[in-house]
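Visitor: Let me begin by handing over the structure; questions about it come next.
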Amino acid sequence: MTNLTVRMARWSAGHPWRGIAAWFLFVVLCLGAGIAVGGHAATTEDFRIGEAGRAEAMAAEGGLQQKPVEHVLITGGGAAAGAAAQDAAARMKRLPEVESVSAPVRSKDGTALRVDVTLKGSELQGTDHVEPLMAQTAAVQAAHPDVKVEETGSPSISKGVDELRDDDLARTEVIALPITLLTLLVVFGSFAVAVVPVVLALTSIAAAIGLSMLASHVFPDAGIGASVILLIGMAVGVDYTLFYLKREREERARSGGRLNARATVEIAAATSGRSVVMSGLAVAVSSATLYLADDVIFSSIATAAIVVTLVAVVSSLTVLPAVLAKLGGWAERRAARRGRTPKAPRTGGGRITKAMLRPTGKHPAATLAVSVVAMLALAAPLLNFNLTDMGRDSHPRQIPAMQVYDRLNAAFPELKSMHQVVVKADADRADEVQAALRDLAQRAQGDPLLAGTSELRTSADRRISLLELAVPHHVSTDEAQRSLDHVRGEYVPATVGKLGVETAVTGDVARYADYPDHQKSKLPFIIGALLLVTFGMTVWAFRSVVLGLIGVVLNMLSAGAALGVLTLVFQGTWAEGLLDFTSTGSIGSRVPLFLFVILFGLSMDYQVFVISRIREAALGGVPTRQAVLDGVGGSASVVTSAAFVMVTVFTSFVFVHVIELKQMGFALAVAVLLDAAVIRIMILPALMLLLGDRCWWPSRSIRRTTDDAAGPVLQNVG
């Protein structure tokens, strides 16, 4: 692998303009191909999970699947409200996007009217068709100024969420890019050099977006791919360039002008270039474990993370050497004109790093104990960890449709959620099935957790029957969850369950309950796969079983601490004002898997880079103890800078309004901060100092190097 990275760097550095042109051509081709072919969005069928998913498939088989529904809410005005409702219904019926329109329904307290509008197409297609309906609602409001006419529903809410998320992502770029540039300017002291990592990261993101559109025809895009590409692309794109660039500048300064730019680029390719390849492969392989989740959302995340990471690796191996060769050549010519040589690089890190390393070097056992206890204390809130799906109720109220949603549910509480009991049987048993479902509805009518209203529908071929029960509670409430237990555990077994036919329960509440359960069932397998990947990649990179085990333990420790801090912040209410969110008392069901997988991959960046420097020194004959201190100290500045960039990128996602993205950004920012400041500067070196040469077991290369270095010394002593 080292030979390949050197050959690629040699060609690129020897033909810099060709290398730069080839890269930009690659980016244009990737983006162009993606736009030309187009992406493939996930369908409703792709999102089906658990028993709720089975019920939805059965309902769809009979044409009884859920449809996108909008509600026009009219309040105030007395008789004028009825005229507005009739006008709204008439206007909606004329729209080609509309399948059916209900008669106006008055609330029990008489203060509101609603008109239910069912759109054509699947649930997910409602977002694409809702804009004409919203325009007609605005027209009704203009025609009836004496009443208040508003619209809400799953399509308009989804549209509002998408627009808010896009605005938030644009804002994250505004926050992250200047801070990233400023950080790199401080690190390198040159604006031209500081711009390089940012430009390469942005072009890698552009190429990855194009490639992900092509990949979506194999792994459908659940609508989150672009967010993941931006989140991961900025982090790894800047980091990989930073590792490579920092090493090239060190070698150029160390040579004192004796090596030209092409030679220093080759050295950087043989050292940091190899680390970048290993780190990138680790992130890609770790991300691939998300496919085990059997969930279209995680498949989208995995595809996006893999594509953008591999593109970032390719950029660091191809165009980056060309850019460094040109920048190095210009620097050499400027130095020659001024009669100066580059200054020798600083080693051993900055004052803060030295201060943190000092107790580690003197008292590794005590440092290890204190650091581990502190990390375990941060992980302690996991004892109260509550994992739920972030349903519609958790969407921010900055979205106008969500404000109307709250007013609609106040006037019509029976619309808050519902259960759907779906039965599949032979057509000649339809009457028997319907009788059993009516019995179920009768039993449920007296349940205080249900609204007492129901609707029974049967497919045209009489094979599928569906009973819908209204639930006057939001899906996230205990009352709604208990009502689901009643339906699944009592009413179904006592009625249709006795018929020996295929039965399943879906609906808003069932979806909310089944998705986290599905994730919890997959979590052990994915974490197990991650542990194997971390162990295997570390052993492959350093030929050390001990370091592989250390990597597994440290990754679990940092992930656990990050999840603990996340739980402490987001399950309580004390940080709501500080971070601008409304606590749901839980963590989004997708967050732990996302955190574990992405963190395990990204932490390999620092692991590989730091241990590579230590191993390089040890192979040069430096005793393991000194190699650890020199390696950690020498790599501290670039690791700290890279971590600061990552933390900046992830922290910018804390300012988005979608709660699950906010939690993901916060968790990753905390995890990377802990990994860089505690794991890599305190716990890892303390462990390696205590283990000594045993760190490299069973590899004998370093032991042989140490023995060879000690031989002449012993001869001289003799």
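We name chains A, B, ... following the order of the structure tokens; residues begin at 1 in each chain, and ligands are numbered from 1 as shown.
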Identify, on the basis of only C-alpha atoms, every residue whose closest approach to range 229-237 of chain A does not exceed 9 Å; exclude the query and any residue fewer than 6 positions from it along the same chain; express the result as a PyMOL selection string.
Guide: chain A and resi 169+173+176-177+197-198+200-202+204-205+208-209+212+280+301+304-305+307-309+311-313+315-316+598+602+605+642-643+645-650+653+665
Visitor: Write out, as CSV, each residue of range 502-530 of chain A that has an atom at most 12 Å from range 547-560 of chain A, together with the closest pair of atoms and their distance in Å to one decimal, counting only C-alpha atoms, rows going by chain and rising number.
Guide:
```
residue,atom,partner,partner_atom,distance
A:Ile527,CA,A:Met556,CA,9.4
A:Gly528,CA,A:Val552,CA,10.4
A:Ala529,CA,A:Val552,CA,11.2
A:Leu530,CA,A:Val552,CA,8.7
```
Visitor: Which residues are close to range 77-79 of chain A, i.e. within 12 Å by only C-alpha atoms, leaving aside same-chain residues fewer than 5 positions away? Reply as a ChimeraX atom specification.
Guide: /A:84-86,106,110-113,144-149
Visitor: Considering only C-alpha atoms, return as a PyMOL selection string whatever protein or nucleic-acid residues lie within 7 Å of Tyr244 in chain A, sequence-local ones (same chain, fewer than 2 positions apart) excluded.
Guide: chain A and resi 240-242+246-248+268+272-273
Visitor: Give the answer as one residue: which of A:Ala206, A:Val422, A:Val639, A:Ile399 has the shortest atom-to-atom distance to Leu466 in chain A, using only C-alpha atoms?
Guide: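 Using only C-alpha atoms, the shortest distance to Leu466 in chain A belongs to A:Val422.
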Visitor: Looking at only C-alpha atoms, which of A:Ile587, A:Ile681, A:Ala226, A:Val487 is the one that sits closest to Gln571 in chain A?
Guide: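 Using only C-alpha atoms, the shortest distance to Gln571 in chain A belongs to A:Ile587.
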Visitor: Write out as a ChimeraX atom specification all residues of range 358-569 of chain A that backbone DSSP assigns to strand (DSSP E or B).
Guide: /A:387-388,417-424,454-458,464-471,502-507,544
Visitor: Point out the residue among A:Thr624, A:Asp239, A:Val433, A:Asp295 with the least atom-to-atom distance to Met688 in chain A, counting only C-alpha atoms.
Guide: A:Thr624
Visitor: Within 8 Å of Asp389 in chain A, counting only C-alpha atoms, which residues show up once you throw out same-chain ones fewer than 3 positions away? Write them as a PDB file with N, CA and C atoms, in the first residue's frame, please.
Guide:
```pdb
ATOM      1  N   TYR A 512     -44.275   4.393  15.802  1.00  0.00           N
ATOM      2  CA  TYR A 512     -43.428   5.050  16.804  1.00  0.00           C
ATOM      3  C   TYR A 512     -42.806   4.029  17.756  1.00  0.00           C
ATOM      4  N   ALA A 513     -43.556   2.983  18.074  1.00  0.00           N
ATOM      5  CA  ALA A 513     -43.064   1.974  19.017  1.00  0.00           C
ATOM      6  C   ALA A 513     -42.145   0.960  18.348  1.00  0.00           C
ATOM      7  N   TYR A 515     -40.219   1.120  15.570  1.00  0.00           N
ATOM      8  CA  TYR A 515     -38.931   1.525  15.013  1.00  0.00           C
ATOM      9  C   TYR A 515     -37.808   1.471  16.053  1.00  0.00           C
ATOM     10  N   PRO A 516     -37.966   2.062  17.249  1.00  0.00           N
ATOM     11  CA  PRO A 516     -36.898   1.930  18.254  1.00  0.00           C
ATOM     12  C   PRO A 516     -36.634   0.484  18.651  1.00  0.00           C
ATOM     13  N   GLY A 588     -33.090  10.283  20.198  1.00  0.00           N
ATOM     14  CA  GLY A 588     -33.581   9.740  18.939  1.00  0.00           C
ATOM     15  C   GLY A 588     -33.042   8.348  18.683  1.00  0.00           C
ATOM     16  N   SER A 589     -33.894   7.465  18.199  1.00  0.00           N
ATOM     17  CA  SER A 589     -33.517   6.058  18.055  1.00  0.00           C
ATOM     18  C   SER A 589     -32.377   5.849  17.065  1.00  0.00           C
ATOM     19  N   ARG A 590     -32.162   6.787  16.147  1.00  0.00           N
ATOM     20  CA  ARG A 590     -31.086   6.629  15.165  1.00  0.00           C
ATOM     21  C   ARG A 590     -29.746   7.128  15.686  1.00  0.00           C
TER      22      ARG A 590
END
```
Visitor: May I ask for the distance between CA of Arg254 in chain A and CA of Phe542 in chain A, given in Å to one decimal place?
Guide: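 Distance between the two atoms: 25.8 Å.
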Visitor: Compile the contact shell of Pro381 in chain A as a list in words: residues with an atom at most 8 Å away, counting only C-alpha atoms, same-chain residues fewer than 5 positions apart removed.
Guide: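 The filter keeps Gly564, Val565, Thr567 and Leu568 of chain A.
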Visitor: Store the residues picked out above, limited to all heavy atoms, as an mmCIF file, in the first residue's frame.
Guide:
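Dumped to again_0.cif:
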```
data_model
loop_
_atom_site.group_PDB
_atom_site.id
_atom_site.type_symbol
_atom_site.label_atom_id
_atom_site.label_comp_id
_atom_site.auth_asym_id
_atom_site.auth_seq_id
_atom_site.Cartn_x
_atom_site.Cartn_y
_atom_site.Cartn_z
ATOM 1 N N GLY A 564 -23.346 9.372 27.239
ATOM 2 C CA GLY A 564 -23.727 9.795 28.584
ATOM 3 C C GLY A 564 -23.957 11.289 28.664
ATOM 4 O O GLY A 564 -24.950 11.750 29.245
ATOM 5 N N VAL A 565 -23.055 12.073 28.075
ATOM 6 C CA VAL A 565 -23.217 13.528 28.061
ATOM 7 C C VAL A 565 -24.459 13.912 27.252
ATOM 8 O O VAL A 565 -25.219 14.807 27.640
ATOM 9 C CB VAL A 565 -21.958 14.211 27.472
ATOM 10 C CG1 VAL A 565 -22.166 15.715 27.349
ATOM 11 C CG2 VAL A 565 -20.746 13.923 28.343
ATOM 12 N N THR A 567 -27.158 12.131 26.859
ATOM 13 C CA THR A 567 -28.317 11.811 27.689
ATOM 14 C C THR A 567 -28.540 12.870 28.757
ATOM 15 O O THR A 567 -29.668 13.320 28.998
ATOM 16 C CB THR A 567 -28.122 10.435 28.353
ATOM 17 O OG1 THR A 567 -27.916 9.444 27.335
ATOM 18 C CG2 THR A 567 -29.322 10.060 29.203
ATOM 19 N N LEU A 568 -27.464 13.289 29.399
ATOM 20 C CA LEU A 568 -27.547 14.301 30.457
ATOM 21 C C LEU A 568 -28.130 15.608 29.927
ATOM 22 O O LEU A 568 -28.936 16.263 30.586
ATOM 23 C CB LEU A 568 -26.151 14.535 31.037
ATOM 24 C CG LEU A 568 -26.040 15.574 32.160
ATOM 25 C CD1 LEU A 568 -26.784 15.089 33.399
ATOM 26 C CD2 LEU A 568 -24.572 15.848 32.486
#
```
Visitor: Write out as a PyMOL selection string which residues come within 9 Å of Ala510 in chain A when counting only C-alpha atoms, dropping same-chain ones fewer than 3 positions away.
Guide: chain A and resi 51-52+418-420+475+481+484+505-507+513-515
Visitor: Tell me which of A:His395, A:Lys326, A:Arg18, A:His486 sits closest to Arg262 in chain A, counting only C-alpha atoms.
Guide: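 Using only C-alpha atoms, Arg262 in chain A sits closest to A:Lys326.
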Visitor: Identify which of the residues A:Thr318, A:Ser544, A:Leu382, A:Ala436 lies closest to Trp17 in chain A, counting only C-alpha atoms when measuring atom-to-atom distances.
Guide: A:Thr318
Visitor: Of the residues A:Leu467, A:Asp167, A:Pro220, A:Thr118, which is the one nearest to Gln434 in chain A, using only C-alpha atoms?
Guide: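 Nearest candidate to Gln434 in chain A out of A:Leu467, A:Asp167, A:Pro220, A:Thr118: A:Leu467.
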Visitor: Write out as JSON, numbers by chain all residues of range 124-199 of chain A that backbone DSSP assigns to alpha helix (DSSP H).
Guide: {"A": [126, 127, 128, 129, 131, 132, 133, 134, 135, 136, 137, 138, 139, 140, 141, 142, 143, 154, 155, 156, 157, 158, 159, 160, 161, 162, 163, 164, 165, 166, 167, 168, 169, 170, 171, 172, 173, 174, 175, 176, 177, 178, 179, 180, 181, 182, 183, 184, 185, 186, 187, 188, 191, 192, 193, 194, 195, 196, 197, 198, 199]}
Visitor: Could you check how far CA of Ser102 in chain A sits from CA of Arg407 in chain A, in Å to one decimal?
Guide: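 Between CA of Ser102 in chain A and CA of Arg407 in chain A the gap is 19.5 Å.
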